[in-house]
Each structure stands twice: as C-alpha cells, then as structure tokens.
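Here's the structure, in structure tokens; my notes come after.
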Amino acid sequence: MDPTPVELKKLEGENALLIGWDDGQRRRYTYGELRKACPCVTCRNEKKQAAADPVKLPILTPLEAQPVQVDKMSLAGNYAYRITFSDGHNTGLFTFEHLRELGEVVE
Ligand SMILES: [Zn+2]
C-alpha cells in the first residue's frame with residue numbers, strides 16, 4: 001500500500017506547497033520543480049528532444065519565463081493529483097508514488 005496524502009497546503013510567499021503523508025512524512029515541493037517534473041506525454045517528449053539536442057534551447061515566451069504557480073490541485077481517483085499550473089498546463093497526473101520521489105523532506 002503506497003503512502004497517501006493527508007495534508008495539502010500552499011506555503012504562502014515561498015512558491016511551494018507542502019504535502020503531509022499518512023506515514024508521518026511531510027515533503028515540500030516548489031512549483032517550478034513540479035512543473036518540470038510534469039509526467040504528461042507532451043512534457044516527456046519535450047524533455048526527450050532537449051536531451052537529444054542540448055544546444056537547441058527552447059525560446060520562452062514572456063509568459064513562460066514567469067515563475068509558474070500552482071493554480072489548482074485536484075484528486076484523480078485515489079492514486080494521483082491533477083495539477084493545474086498558472087501557464088494553463090493541466091494534463092499531468094502526479095501519482096502519489098511519483099510525488100514521494102520529488103520534493104524534500106521537512107521536519
Ligand atoms: Zn506536462
């Protein structure tokens with residue numbers, strides 16, 4: 001049985017959020033980290049292309065260059081969160097298993 005979130009809160013002013021898990025662990029995630037870790041097909045392909053050609057850096061629009069925010073997190077089934085980012089991206093499902101590999105443990 002994978003750990004399940006029991007607490008979710010935005011850390012105001014830190015561009016980060018905190019998830020508390022049912023095994024007592026609490027982890028802090030920055031919005032930028034979550035956006036980069038988006039597991040959807042589009043983002044995975046972009047990452048693959050960037051790895052294949054590291055010289056070709058993407059040109060960011062002014063909107064994309066802004067620090068991204070998390071607008072909304074909603075449960076998808078009982079195994080993942082669907083995160084809506086401020087850039088409008090919301091196709092990534094962050095499984096609890098994946099989330100436990102991201103972020104950093106806080107006391
Ligand atoms: Zn994505």
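Here, A, B, ... name the chains of the structure tokens in the order displayed, residue numbers run from 1 inside each chain, and ligands are numbered from 1 in the same displayed order.
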Exercise. Taking the DSSP assignment computed from this structure's backbone, write out as a ChimeraX atom specification all residues of chain A that belong to strand (DSSP E or B).
Key: /A:5-11,16-21,26-30,70-76,80-85,93-95,104-106
So that I have them on file, write out the residues from the current selection with N, CA, C and O atoms, as a short mmCIF file (atom, residue, chain, number, x, y, z; two decimals), in the first residue's frame.
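And here's part-v2.cif as it stands now:
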```
data_model
loop_
_atom_site.label_atom_id
_atom_site.label_comp_id
_atom_site.auth_asym_id
_atom_site.auth_seq_id
_atom_site.Cartn_x
_atom_site.Cartn_y
_atom_site.Cartn_z
N PRO A 5 -1.62 11.03 0.76
CA PRO A 5 -1.58 12.37 1.37
C PRO A 5 -2.72 12.57 2.36
O PRO A 5 -3.84 12.13 2.11
N VAL A 6 -2.40 13.18 3.48
CA VAL A 6 -3.44 13.51 4.45
C VAL A 6 -3.51 15.02 4.67
O VAL A 6 -4.41 15.52 5.34
N GLU A 7 -2.54 15.75 4.11
CA GLU A 7 -2.49 17.19 4.31
C GLU A 7 -1.92 17.82 3.04
O GLU A 7 -0.99 17.29 2.43
N LEU A 8 -2.51 18.95 2.64
CA LEU A 8 -2.01 19.65 1.46
C LEU A 8 -2.18 21.13 1.70
O LEU A 8 -3.29 21.58 1.99
N LYS A 9 -1.08 21.86 1.67
CA LYS A 9 -1.25 23.30 1.82
C LYS A 9 -0.20 24.08 1.04
O LYS A 9 0.91 23.60 0.82
N LYS A 10 -0.62 25.25 0.60
CA LYS A 10 0.29 26.15 -0.09
C LYS A 10 1.12 26.88 0.94
O LYS A 10 0.62 27.30 1.98
N LEU A 11 2.42 27.00 0.67
CA LEU A 11 3.29 27.77 1.55
C LEU A 11 3.35 29.18 0.98
O LEU A 11 4.04 29.43 -0.01
N ALA A 16 5.74 27.40 -3.10
CA ALA A 16 5.91 25.98 -2.81
C ALA A 16 4.66 25.47 -2.09
O ALA A 16 3.85 26.26 -1.60
N LEU A 17 4.55 24.17 -2.05
CA LEU A 17 3.45 23.59 -1.29
C LEU A 17 3.97 22.43 -0.47
O LEU A 17 5.07 21.93 -0.69
N LEU A 18 3.16 22.06 0.49
CA LEU A 18 3.56 21.03 1.43
C LEU A 18 2.53 19.90 1.41
O LEU A 18 1.32 20.16 1.40
N ILE A 19 3.02 18.69 1.33
CA ILE A 19 2.12 17.55 1.42
C ILE A 19 2.54 16.71 2.62
O ILE A 19 3.71 16.37 2.79
N GLY A 20 1.56 16.44 3.49
CA GLY A 20 1.78 15.54 4.60
C GLY A 20 1.23 14.17 4.24
O GLY A 20 0.16 14.07 3.63
N TRP A 21 1.97 13.13 4.59
CA TRP A 21 1.59 11.76 4.19
C TRP A 21 1.15 10.96 5.40
O TRP A 21 1.52 11.27 6.53
N ARG A 26 6.47 14.60 5.83
CA ARG A 26 5.99 15.82 5.19
C ARG A 26 7.04 16.25 4.18
O ARG A 26 8.23 16.26 4.47
N ARG A 27 6.59 16.59 2.98
CA ARG A 27 7.52 16.97 1.93
C ARG A 27 7.12 18.32 1.35
O ARG A 27 5.94 18.62 1.22
N ARG A 28 8.15 19.10 0.98
CA ARG A 28 7.95 20.41 0.42
C ARG A 28 8.30 20.37 -1.06
O ARG A 28 9.33 19.83 -1.44
N TYR A 29 7.42 20.94 -1.87
CA TYR A 29 7.61 20.93 -3.32
C TYR A 29 7.54 22.35 -3.85
O TYR A 29 6.55 23.05 -3.58
N THR A 30 8.55 22.77 -4.60
CA THR A 30 8.42 24.09 -5.23
C THR A 30 7.59 23.92 -6.50
O THR A 30 7.59 22.87 -7.13
N VAL A 70 1.10 27.11 -8.95
CA VAL A 70 0.09 26.06 -8.98
C VAL A 70 -1.26 26.71 -8.72
O VAL A 70 -1.46 27.33 -7.68
N ASP A 71 -2.14 26.63 -9.70
CA ASP A 71 -3.46 27.23 -9.54
C ASP A 71 -4.40 26.29 -8.79
O ASP A 71 -5.21 26.71 -7.99
N LYS A 72 -4.28 25.00 -9.09
CA LYS A 72 -5.26 24.07 -8.54
C LYS A 72 -4.66 22.67 -8.48
O LYS A 72 -3.90 22.27 -9.34
N MET A 73 -5.02 21.96 -7.43
CA MET A 73 -4.67 20.54 -7.35
C MET A 73 -5.94 19.78 -7.03
O MET A 73 -6.63 20.10 -6.08
N SER A 74 -6.26 18.80 -7.85
CA SER A 74 -7.44 18.01 -7.54
C SER A 74 -7.09 16.54 -7.60
O SER A 74 -6.21 16.11 -8.34
N LEU A 75 -7.78 15.77 -6.78
CA LEU A 75 -7.51 14.34 -6.73
C LEU A 75 -8.00 13.67 -8.00
O LEU A 75 -9.08 13.99 -8.51
N ALA A 76 -7.20 12.78 -8.53
CA ALA A 76 -7.59 11.95 -9.66
C ALA A 76 -7.67 10.53 -9.14
O ALA A 76 -6.65 9.93 -8.83
N ALA A 80 -3.59 9.78 -7.43
CA ALA A 80 -2.82 10.85 -8.08
C ALA A 80 -3.48 12.21 -7.88
O ALA A 80 -4.66 12.31 -7.53
N TYR A 81 -2.70 13.27 -8.13
CA TYR A 81 -3.21 14.63 -8.20
C TYR A 81 -3.10 15.12 -9.63
O TYR A 81 -2.09 14.88 -10.30
N ARG A 82 -4.14 15.80 -10.08
CA ARG A 82 -4.03 16.54 -11.33
C ARG A 82 -3.71 17.98 -10.95
O ARG A 82 -4.44 18.60 -10.18
N ILE A 83 -2.60 18.49 -11.45
CA ILE A 83 -2.17 19.84 -11.08
C ILE A 83 -2.42 20.79 -12.24
O ILE A 83 -2.01 20.52 -13.37
N THR A 84 -3.11 21.89 -11.96
CA THR A 84 -3.29 22.94 -12.95
C THR A 84 -2.29 24.05 -12.64
O THR A 84 -2.32 24.64 -11.56
N PHE A 85 -1.39 24.30 -13.59
CA PHE A 85 -0.38 25.34 -13.40
C PHE A 85 -0.87 26.67 -13.98
O PHE A 85 -1.79 26.70 -14.80
N LEU A 93 -0.68 13.95 -14.62
CA LEU A 93 -1.18 13.30 -13.41
C LEU A 93 0.03 12.93 -12.55
O LEU A 93 0.88 12.16 -12.97
N PHE A 94 0.07 13.51 -11.38
CA PHE A 94 1.18 13.22 -10.46
C PHE A 94 0.74 12.14 -9.50
O PHE A 94 -0.03 12.39 -8.58
N THR A 95 1.22 10.92 -9.73
CA THR A 95 0.84 9.84 -8.83
C THR A 95 1.49 10.06 -7.47
O THR A 95 2.52 10.71 -7.35
N GLU A 104 11.36 17.69 -1.04
CA GLU A 104 12.34 17.41 0.01
C GLU A 104 11.60 17.25 1.34
O GLU A 104 10.58 17.89 1.57
N VAL A 105 12.15 16.40 2.15
CA VAL A 105 11.53 16.13 3.45
C VAL A 105 11.70 17.35 4.36
O VAL A 105 12.78 17.94 4.41
N VAL A 106 10.63 17.74 5.03
CA VAL A 106 10.73 18.81 6.03
C VAL A 106 10.36 18.25 7.39
O VAL A 106 9.66 17.26 7.49
#
```
All residues within 12 Å of ligand 1 are required, counting only C-alpha atoms and all ligand atoms; please report them as a PDB file with all heavy atoms, in the first residue's frame.
```
ATOM      1  N   LEU A  34       7.708  20.991  -9.595  1.00  0.00           N
ATOM      2  CA  LEU A  34       6.552  20.199 -10.014  1.00  0.00           C
ATOM      3  C   LEU A  34       6.286  20.380 -11.509  1.00  0.00           C
ATOM      4  O   LEU A  34       5.999  19.426 -12.224  1.00  0.00           O
ATOM      5  CB  LEU A  34       5.309  20.601  -9.205  1.00  0.00           C
ATOM      6  CG  LEU A  34       5.329  20.196  -7.732  1.00  0.00           C
ATOM      7  CD1 LEU A  34       4.150  20.819  -7.006  1.00  0.00           C
ATOM      8  CD2 LEU A  34       5.289  18.674  -7.583  1.00  0.00           C
ATOM      9  N   ARG A  35       6.401  21.638 -11.956  1.00  0.00           N
ATOM     10  CA  ARG A  35       6.135  21.904 -13.382  1.00  0.00           C
ATOM     11  C   ARG A  35       7.140  21.152 -14.256  1.00  0.00           C
ATOM     12  O   ARG A  35       6.773  20.574 -15.270  1.00  0.00           O
ATOM     13  CB  ARG A  35       6.193  23.420 -13.638  1.00  0.00           C
ATOM     14  CG  ARG A  35       5.879  23.821 -15.079  1.00  0.00           C
ATOM     15  CD  ARG A  35       4.438  23.470 -15.421  1.00  0.00           C
ATOM     16  NE  ARG A  35       4.125  23.773 -16.817  1.00  0.00           N
ATOM     17  CZ  ARG A  35       4.408  22.938 -17.829  1.00  0.00           C
ATOM     18  NH1 ARG A  35       4.988  21.779 -17.600  1.00  0.00           N
ATOM     19  NH2 ARG A  35       4.081  23.276 -19.061  1.00  0.00           N
ATOM     20  N   LYS A  36       8.402  21.163 -13.830  1.00  0.00           N
ATOM     21  CA  LYS A  36       9.450  20.478 -14.601  1.00  0.00           C
ATOM     22  C   LYS A  36       9.264  18.974 -14.573  1.00  0.00           C
ATOM     23  O   LYS A  36       9.655  18.282 -15.504  1.00  0.00           O
ATOM     24  CB  LYS A  36      10.839  20.816 -14.038  1.00  0.00           C
ATOM     25  CG  LYS A  36      11.413  22.093 -14.612  1.00  0.00           C
ATOM     26  CD  LYS A  36      12.925  22.134 -14.356  1.00  0.00           C
ATOM     27  CE  LYS A  36      13.396  23.556 -14.143  1.00  0.00           C
ATOM     28  NZ  LYS A  36      13.539  23.923 -12.729  1.00  0.00           N
ATOM     29  N   ALA A  37       8.693  18.484 -13.489  1.00  0.00           N
ATOM     30  CA  ALA A  37       8.541  17.036 -13.338  1.00  0.00           C
ATOM     31  C   ALA A  37       7.246  16.533 -13.956  1.00  0.00           C
ATOM     32  O   ALA A  37       6.924  15.363 -13.822  1.00  0.00           O
ATOM     33  CB  ALA A  37       8.586  16.661 -11.856  1.00  0.00           C
ATOM     34  N   CYS A  38       6.510  17.407 -14.613  1.00  0.00           N
ATOM     35  CA  CYS A  38       5.219  17.008 -15.191  1.00  0.00           C
ATOM     36  C   CYS A  38       5.388  15.754 -16.044  1.00  0.00           C
ATOM     37  O   CYS A  38       6.208  15.715 -16.945  1.00  0.00           O
ATOM     38  CB  CYS A  38       4.631  18.134 -16.034  1.00  0.00           C
ATOM     39  SG  CYS A  38       3.071  17.648 -16.799  1.00  0.00           S
ATOM     40  N   PRO A  39       4.612  14.706 -15.705  1.00  0.00           N
ATOM     41  CA  PRO A  39       4.811  13.417 -16.371  1.00  0.00           C
ATOM     42  C   PRO A  39       3.966  13.214 -17.629  1.00  0.00           C
ATOM     43  O   PRO A  39       3.933  12.112 -18.160  1.00  0.00           O
ATOM     44  CB  PRO A  39       4.384  12.418 -15.284  1.00  0.00           C
ATOM     45  CG  PRO A  39       3.337  13.151 -14.507  1.00  0.00           C
ATOM     46  CD  PRO A  39       3.651  14.626 -14.605  1.00  0.00           C
ATOM     47  N   CYS A  40       3.299  14.253 -18.118  1.00  0.00           N
ATOM     48  CA  CYS A  40       2.426  14.031 -19.276  1.00  0.00           C
ATOM     49  C   CYS A  40       3.253  13.796 -20.538  1.00  0.00           C
ATOM     50  O   CYS A  40       4.439  14.084 -20.596  1.00  0.00           O
ATOM     51  CB  CYS A  40       1.439  15.181 -19.468  1.00  0.00           C
ATOM     52  SG  CYS A  40       2.103  16.588 -20.348  1.00  0.00           S
ATOM     53  N   VAL A  41       2.610  13.267 -21.558  1.00  0.00           N
ATOM     54  CA  VAL A  41       3.314  12.867 -22.785  1.00  0.00           C
ATOM     55  C   VAL A  41       4.010  14.067 -23.427  1.00  0.00           C
ATOM     56  O   VAL A  41       5.164  13.977 -23.851  1.00  0.00           O
ATOM     57  CB  VAL A  41       2.315  12.227 -23.779  1.00  0.00           C
ATOM     58  CG1 VAL A  41       2.987  11.941 -25.107  1.00  0.00           C
ATOM     59  CG2 VAL A  41       1.753  10.954 -23.187  1.00  0.00           C
ATOM     60  N   THR A  42       3.329  15.202 -23.476  1.00  0.00           N
ATOM     61  CA  THR A  42       3.907  16.397 -24.095  1.00  0.00           C
ATOM     62  C   THR A  42       5.213  16.793 -23.418  1.00  0.00           C
ATOM     63  O   THR A  42       6.224  17.019 -24.080  1.00  0.00           O
ATOM     64  CB  THR A  42       2.917  17.576 -23.995  1.00  0.00           C
ATOM     65  OG1 THR A  42       1.662  17.153 -24.520  1.00  0.00           O
ATOM     66  CG2 THR A  42       3.411  18.776 -24.773  1.00  0.00           C
ATOM     67  N   CYS A  43       5.194  16.856 -22.105  1.00  0.00           N
ATOM     68  CA  CYS A  43       6.398  17.275 -21.380  1.00  0.00           C
ATOM     69  C   CYS A  43       7.500  16.236 -21.497  1.00  0.00           C
ATOM     70  O   CYS A  43       8.672  16.577 -21.594  1.00  0.00           O
ATOM     71  CB  CYS A  43       6.072  17.542 -19.916  1.00  0.00           C
ATOM     72  SG  CYS A  43       5.012  18.989 -19.697  1.00  0.00           S
ATOM     73  N   ARG A  44       7.104  14.963 -21.489  1.00  0.00           N
ATOM     74  CA  ARG A  44       8.123  13.921 -21.618  1.00  0.00           C
ATOM     75  C   ARG A  44       8.808  14.014 -22.973  1.00  0.00           C
ATOM     76  O   ARG A  44      10.016  13.869 -23.083  1.00  0.00           O
ATOM     77  CB  ARG A  44       7.502  12.538 -21.419  1.00  0.00           C
ATOM     78  CG  ARG A  44       7.350  12.167 -19.957  1.00  0.00           C
ATOM     79  CD  ARG A  44       7.405  10.656 -19.762  1.00  0.00           C
ATOM     80  NE  ARG A  44       6.490   9.977 -20.671  1.00  0.00           N
ATOM     81  CZ  ARG A  44       5.289   9.516 -20.307  1.00  0.00           C
ATOM     82  NH1 ARG A  44       4.886   9.657 -19.075  1.00  0.00           N
ATOM     83  NH2 ARG A  44       4.518   8.907 -21.173  1.00  0.00           N
ATOM     84  N   ASN A  45       8.038  14.272 -24.025  1.00  0.00           N
ATOM     85  CA  ASN A  45       8.619  14.407 -25.361  1.00  0.00           C
ATOM     86  C   ASN A  45       9.527  15.621 -25.448  1.00  0.00           C
ATOM     87  O   ASN A  45      10.591  15.569 -26.059  1.00  0.00           O
ATOM     88  CB  ASN A  45       7.514  14.507 -26.412  1.00  0.00           C
ATOM     89  CG  ASN A  45       6.896  13.146 -26.692  1.00  0.00           C
ATOM     90  OD1 ASN A  45       7.485  12.117 -26.362  1.00  0.00           O
ATOM     91  ND2 ASN A  45       5.722  13.147 -27.278  1.00  0.00           N
ATOM     92  N   GLU A  46       9.098  16.720 -24.817  1.00  0.00           N
ATOM     93  CA  GLU A  46       9.939  17.929 -24.831  1.00  0.00           C
ATOM     94  C   GLU A  46      11.272  17.637 -24.164  1.00  0.00           C
ATOM     95  O   GLU A  46      12.318  18.060 -24.629  1.00  0.00           O
ATOM     96  CB  GLU A  46       9.228  19.069 -24.086  1.00  0.00           C
ATOM     97  CG  GLU A  46       8.346  19.903 -24.999  1.00  0.00           C
ATOM     98  CD  GLU A  46       7.521  20.918 -24.222  1.00  0.00           C
ATOM     99  OE1 GLU A  46       7.913  21.273 -23.096  1.00  0.00           O
ATOM    100  OE2 GLU A  46       6.481  21.330 -24.756  1.00  0.00           O
ATOM    101  N   LYS A  47      11.225  16.905 -23.062  1.00  0.00           N
ATOM    102  CA  LYS A  47      12.454  16.594 -22.344  1.00  0.00           C
ATOM    103  C   LYS A  47      13.358  15.697 -23.168  1.00  0.00           C
ATOM    104  O   LYS A  47      14.560  15.852 -23.192  1.00  0.00           O
ATOM    105  CB  LYS A  47      12.132  15.937 -20.991  1.00  0.00           C
ATOM    106  CG  LYS A  47      12.254  16.928 -19.842  1.00  0.00           C
ATOM    107  CD  LYS A  47      11.897  16.293 -18.513  1.00  0.00           C
ATOM    108  CE  LYS A  47      10.415  16.400 -18.231  1.00  0.00           C
ATOM    109  NZ  LYS A  47       9.990  15.798 -16.988  1.00  0.00           N
ATOM    110  N   ARG A  82      -4.136  15.800 -10.082  1.00  0.00           N
ATOM    111  CA  ARG A  82      -4.030  16.538 -11.328  1.00  0.00           C
ATOM    112  C   ARG A  82      -3.709  17.978 -10.947  1.00  0.00           C
ATOM    113  O   ARG A  82      -4.442  18.599 -10.180  1.00  0.00           O
ATOM    114  CB  ARG A  82      -5.348  16.485 -12.107  1.00  0.00           C
ATOM    115  CG  ARG A  82      -5.310  17.322 -13.384  1.00  0.00           C
ATOM    116  CD  ARG A  82      -6.642  17.228 -14.119  1.00  0.00           C
ATOM    117  NE  ARG A  82      -6.900  15.865 -14.596  1.00  0.00           N
ATOM    118  CZ  ARG A  82      -6.374  15.355 -15.713  1.00  0.00           C
ATOM    119  NH1 ARG A  82      -5.568  16.081 -16.459  1.00  0.00           N
ATOM    120  NH2 ARG A  82      -6.647  14.123 -16.077  1.00  0.00           N
ATOM    121  N   ILE A  83      -2.596  18.494 -11.447  1.00  0.00           N
ATOM    122  CA  ILE A  83      -2.167  19.839 -11.078  1.00  0.00           C
ATOM    123  C   ILE A  83      -2.417  20.789 -12.239  1.00  0.00           C
ATOM    124  O   ILE A  83      -2.010  20.522 -13.367  1.00  0.00           O
ATOM    125  CB  ILE A  83      -0.680  19.866 -10.684  1.00  0.00           C
ATOM    126  CG1 ILE A  83      -0.425  18.897  -9.521  1.00  0.00           C
ATOM    127  CG2 ILE A  83      -0.255  21.282 -10.318  1.00  0.00           C
ATOM    128  CD1 ILE A  83       1.016  18.868  -9.027  1.00  0.00           C
ATOM    129  N   THR A  84      -3.110  21.892 -11.961  1.00  0.00           N
ATOM    130  CA  THR A  84      -3.288  22.944 -12.950  1.00  0.00           C
ATOM    131  C   THR A  84      -2.293  24.054 -12.641  1.00  0.00           C
ATOM    132  O   THR A  84      -2.321  24.638 -11.557  1.00  0.00           O
ATOM    133  CB  THR A  84      -4.723  23.508 -12.910  1.00  0.00           C
ATOM    134  OG1 THR A  84      -5.640  22.429 -13.112  1.00  0.00           O
ATOM    135  CG2 THR A  84      -4.921  24.560 -13.999  1.00  0.00           C
ATOM    136  N   PHE A  85      -1.394  24.305 -13.593  1.00  0.00           N
ATOM    137  CA  PHE A  85      -0.384  25.342 -13.402  1.00  0.00           C
ATOM    138  C   PHE A  85      -0.874  26.667 -13.975  1.00  0.00           C
ATOM    139  O   PHE A  85      -1.788  26.704 -14.804  1.00  0.00           O
ATOM    140  CB  PHE A  85       0.930  24.922 -14.078  1.00  0.00           C
ATOM    141  CG  PHE A  85       1.577  23.722 -13.453  1.00  0.00           C
ATOM    142  CD1 PHE A  85       1.371  22.458 -13.977  1.00  0.00           C
ATOM    143  CD2 PHE A  85       2.374  23.857 -12.335  1.00  0.00           C
ATOM    144  CE1 PHE A  85       1.959  21.338 -13.400  1.00  0.00           C
ATOM    145  CE2 PHE A  85       2.964  22.752 -11.743  1.00  0.00           C
ATOM    146  CZ  PHE A  85       2.761  21.486 -12.274  1.00  0.00           C
ATOM    147  N   ASP A  87       0.417  28.455 -16.100  1.00  0.00           N
ATOM    148  CA  ASP A  87       0.596  28.598 -17.545  1.00  0.00           C
ATOM    149  C   ASP A  87      -0.495  27.848 -18.310  1.00  0.00           C
ATOM    150  O   ASP A  87      -0.436  27.708 -19.522  1.00  0.00           O
ATOM    151  CB  ASP A  87       1.991  28.127 -17.977  1.00  0.00           C
ATOM    152  CG  ASP A  87       2.258  26.664 -17.617  1.00  0.00           C
ATOM    153  OD1 ASP A  87       1.360  26.013 -17.054  1.00  0.00           O
ATOM    154  OD2 ASP A  87       3.366  26.189 -17.901  1.00  0.00           O
ATOM    155  N   GLY A  88      -1.488  27.346 -17.570  1.00  0.00           N
ATOM    156  CA  GLY A  88      -2.635  26.703 -18.201  1.00  0.00           C
ATOM    157  C   GLY A  88      -2.454  25.210 -18.397  1.00  0.00           C
ATOM    158  O   GLY A  88      -3.366  24.522 -18.828  1.00  0.00           O
ATOM    159  N   HIS A  89      -1.269  24.705 -18.059  1.00  0.00           N
ATOM    160  CA  HIS A  89      -0.980  23.288 -18.274  1.00  0.00           C
ATOM    161  C   HIS A  89      -1.648  22.443 -17.192  1.00  0.00           C
ATOM    162  O   HIS A  89      -1.481  22.709 -16.012  1.00  0.00           O
ATOM    163  CB  HIS A  89       0.537  23.097 -18.246  1.00  0.00           C
ATOM    164  CG  HIS A  89       0.976  21.796 -18.822  1.00  0.00           C
ATOM    165  ND1 HIS A  89       0.899  21.520 -20.158  1.00  0.00           N
ATOM    166  CD2 HIS A  89       1.490  20.688 -18.242  1.00  0.00           C
ATOM    167  CE1 HIS A  89       1.355  20.300 -20.372  1.00  0.00           C
ATOM    168  NE2 HIS A  89       1.716  19.763 -19.228  1.00  0.00           N
ATOM    169  N   ASN A  90      -2.401  21.430 -17.600  1.00  0.00           N
ATOM    170  CA  ASN A  90      -3.074  20.607 -16.589  1.00  0.00           C
ATOM    171  C   ASN A  90      -3.241  19.158 -17.020  1.00  0.00           C
ATOM    172  O   ASN A  90      -4.132  18.465 -16.543  1.00  0.00           O
ATOM    173  CB  ASN A  90      -4.442  21.207 -16.238  1.00  0.00           C
ATOM    174  CG  ASN A  90      -5.420  21.067 -17.383  1.00  0.00           C
ATOM    175  OD1 ASN A  90      -5.039  20.750 -18.513  1.00  0.00           O
ATOM    176  ND2 ASN A  90      -6.687  21.299 -17.110  1.00  0.00           N
ATOM    177  N   THR A  91      -2.376  18.705 -17.911  1.00  0.00           N
ATOM    178  CA  THR A  91      -2.539  17.337 -18.411  1.00  0.00           C
ATOM    179  C   THR A  91      -1.714  16.314 -17.628  1.00  0.00           C
ATOM    180  O   THR A  91      -1.804  15.126 -17.889  1.00  0.00           O
ATOM    181  CB  THR A  91      -2.162  17.246 -19.907  1.00  0.00           C
ATOM    182  OG1 THR A  91      -0.946  17.954 -20.119  1.00  0.00           O
ATOM    183  CG2 THR A  91      -3.250  17.850 -20.778  1.00  0.00           C
ATOM    184  N   GLY A  92      -0.920  16.784 -16.688  1.00  0.00           N
ATOM    185  CA  GLY A  92      -0.071  15.846 -15.964  1.00  0.00           C
ATOM    186  C   GLY A  92      -0.773  15.273 -14.745  1.00  0.00           C
ATOM    187  O   GLY A  92      -1.374  15.985 -13.960  1.00  0.00           O
ATOM    188  N   LEU A  93      -0.684  13.951 -14.620  1.00  0.00           N
ATOM    189  CA  LEU A  93      -1.183  13.301 -13.407  1.00  0.00           C
ATOM    190  C   LEU A  93       0.026  12.932 -12.554  1.00  0.00           C
ATOM    191  O   LEU A  93       0.876  12.155 -12.972  1.00  0.00           O
ATOM    192  CB  LEU A  93      -1.950  12.026 -13.754  1.00  0.00           C
ATOM    193  CG  LEU A  93      -3.383  12.195 -14.238  1.00  0.00           C
ATOM    194  CD1 LEU A  93      -3.993  10.821 -14.478  1.00  0.00           C
ATOM    195  CD2 LEU A  93      -4.214  12.969 -13.239  1.00  0.00           C
ATOM    196  N   PHE A  94       0.074  13.507 -11.377  1.00  0.00           N
ATOM    197  CA  PHE A  94       1.183  13.224 -10.464  1.00  0.00           C
ATOM    198  C   PHE A  94       0.735  12.137  -9.503  1.00  0.00           C
ATOM    199  O   PHE A  94      -0.033  12.389  -8.583  1.00  0.00           O
ATOM    200  CB  PHE A  94       1.567  14.490  -9.695  1.00  0.00           C
ATOM    201  CG  PHE A  94       2.233  15.542 -10.538  1.00  0.00           C
ATOM    202  CD1 PHE A  94       1.509  16.303 -11.437  1.00  0.00           C
ATOM    203  CD2 PHE A  94       3.588  15.766 -10.429  1.00  0.00           C
ATOM    204  CE1 PHE A  94       2.119  17.268 -12.222  1.00  0.00           C
ATOM    205  CE2 PHE A  94       4.230  16.738 -11.196  1.00  0.00           C
ATOM    206  CZ  PHE A  94       3.480  17.486 -12.095  1.00  0.00           C
TER     207      PHE A  94
END
```
Exercise. Could you give me the residues within chain A that DSSP places in alpha helix (DSSP H), as a ChimeraX atom specification?
Key: /A:31-36,41-52,62-65,96-101
Quiz item: Expressed in Å to a single decimal, how great is the separation between atom CA of Gly32 of chain A and atom CA of Arg100 of chain A?
Solution: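 We find that atom CA of Gly32 of chain A and atom CA of Arg100 of chain A lie 16.3 Å from each other.
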Quiz prompt | Residue nearest Ser86 of chain A among A:Asp22, A:Tyr31, A:Gln69, A:Gly13 (counting only C-alpha atoms) | solution = A:Gln69
Quiz item: For the atom pair atom CA of Asn15 of chain A and atom CA of Gln66 of chain A, what is the interatomic distance in Å to one decimal place?
Solution: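 Distance between the two atoms: 12.1 Å.
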